[in-house]
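Here is the structure we will look at.
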Amino acid sequence: MARGQQKVQSQQKNAKKAAEKKKGQAADQKTAAKAALIHTCPVCRTQMPDPKTFKQHFESKHPKSPMPPELVDVQA
């Protein structure tokens, strides 16, 4: 059974490579998602990806608060 040992070594090597690849992808996705959240609500500190979502959030969650100047001209 000369091939048996090679098979086990190959499986271990491939499992290690797959785990490293999967670990690297998760970190990249998390950093990319975090970088996309550029607008922060001044009232509740929630982060949003674009001004349209930010305005919708502000209108629904903080109707009594004055609208921030950067959202006045945004079309919702």
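Following the order of the structure tokens, first chain is A, next is B, and so on, with residues numbered from 1 inside each chain and ligands from 1 in the order they appear.
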
Excluding segment 57-63 of chain A and residues on its chain fewer than 4 positions from it, collect all residues at most 9 Å away from it, counting only C-alpha atoms, and give them as a VMD selection string. chain A and resid 41 43 48 52 to 53 67 to 68

Give the alpha helix (DSSP H) residues of chain A, as DSSP finds them on the backbone, and put them as a ChimeraX atom specification. /A:2-36,51-61

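Backbone DSSP assigns strand (DSSP E or B) in segment 15-76 of chain A to His39, Thr40, Gln47 and Met48 of chain A.
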
Store the residues picked out above, limited to C-alpha atoms, as a compact mmCIF listing (two decimals), in the first residue's frame.
```txt
# COMPACT_ATOMS: atom_id res chain seq x y z
CA HIS A 39 -22.54 57.40 6.07
CA THR A 40 -23.07 57.52 9.84
CA GLN A 47 -23.75 53.19 9.44
CA MET A 48 -25.29 53.10 5.96
```

Excluding Pro49 of chain A and any residue of its chain fewer than 3 positions from it, enumerate the residues within 7 Å of it, using only C-alpha atoms, and give them as a PyMOL selection string. chain A and resi 36-39

d(atom CA of Pro42 of chain A, atom CA of Val72 of chain A) in Å: 14.6 Å

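Residue neighbourhood of Val74 of chain A, excluding near-sequence residues (fewer than 3 positions): Pro51, Lys52, Lys55, Glu70 and Leu71 of chain A, at 8 Å, using only C-alpha atoms.
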
With all heavy atoms retained, could you export that selection as a CSV table (one decimal), in the first residue's frame?
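For reference, again-v3.csv as written:
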```
chain,number,residue,atom,x,y,z
A,51,PRO,N,-26.4,57.6,0.5
A,51,PRO,CA,-27.2,58.7,1.0
A,51,PRO,C,-28.7,58.4,0.9
A,51,PRO,O,-29.4,58.9,1.8
A,51,PRO,CB,-26.8,59.9,0.2
A,51,PRO,CG,-25.9,59.4,-0.9
A,51,PRO,CD,-25.5,58.0,-0.6
A,52,LYS,N,-29.1,57.7,-0.1
A,52,LYS,CA,-30.6,57.4,-0.2
A,52,LYS,C,-31.0,56.5,1.0
A,52,LYS,O,-32.1,56.8,1.6
A,52,LYS,CB,-30.8,56.6,-1.5
A,52,LYS,CG,-32.3,56.3,-1.7
A,52,LYS,CD,-32.5,55.6,-3.1
A,52,LYS,CE,-33.9,55.2,-3.3
A,52,LYS,NZ,-34.1,54.5,-4.5
A,55,LYS,N,-31.1,58.7,4.1
A,55,LYS,CA,-32.2,59.6,4.3
A,55,LYS,C,-33.5,58.8,4.7
A,55,LYS,O,-34.2,59.3,5.5
A,55,LYS,CB,-32.5,60.3,3.0
A,55,LYS,CG,-33.6,61.4,3.1
A,55,LYS,CD,-33.6,62.3,1.9
A,55,LYS,CE,-34.7,63.4,2.2
A,55,LYS,NZ,-34.7,64.4,1.1
A,70,GLU,N,-26.5,67.5,4.7
A,70,GLU,CA,-26.1,66.7,3.6
A,70,GLU,C,-27.2,65.8,3.0
A,70,GLU,O,-27.1,65.3,1.9
A,70,GLU,CB,-24.9,65.8,3.9
A,70,GLU,CG,-25.2,64.7,5.0
A,70,GLU,CD,-24.8,65.1,6.4
A,70,GLU,OE1,-24.6,66.3,6.6
A,70,GLU,OE2,-24.7,64.3,7.2
A,71,LEU,N,-28.4,65.7,3.7
A,71,LEU,CA,-29.5,64.9,3.2
A,71,LEU,C,-30.6,65.7,2.7
A,71,LEU,O,-31.6,65.2,2.1
A,71,LEU,CB,-30.0,64.1,4.4
A,71,LEU,CG,-29.1,63.0,5.0
A,71,LEU,CD1,-29.8,62.3,6.1
A,71,LEU,CD2,-28.7,62.0,3.9
```

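One distance worth recording is that between atom CA of Ala32 of chain A and atom CA of Pro69 of chain A, which is 27.4 Å.
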
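Between atom CA of Gln56 of chain A and atom CA of Gln75 of chain A the separation is 9.6 Å.
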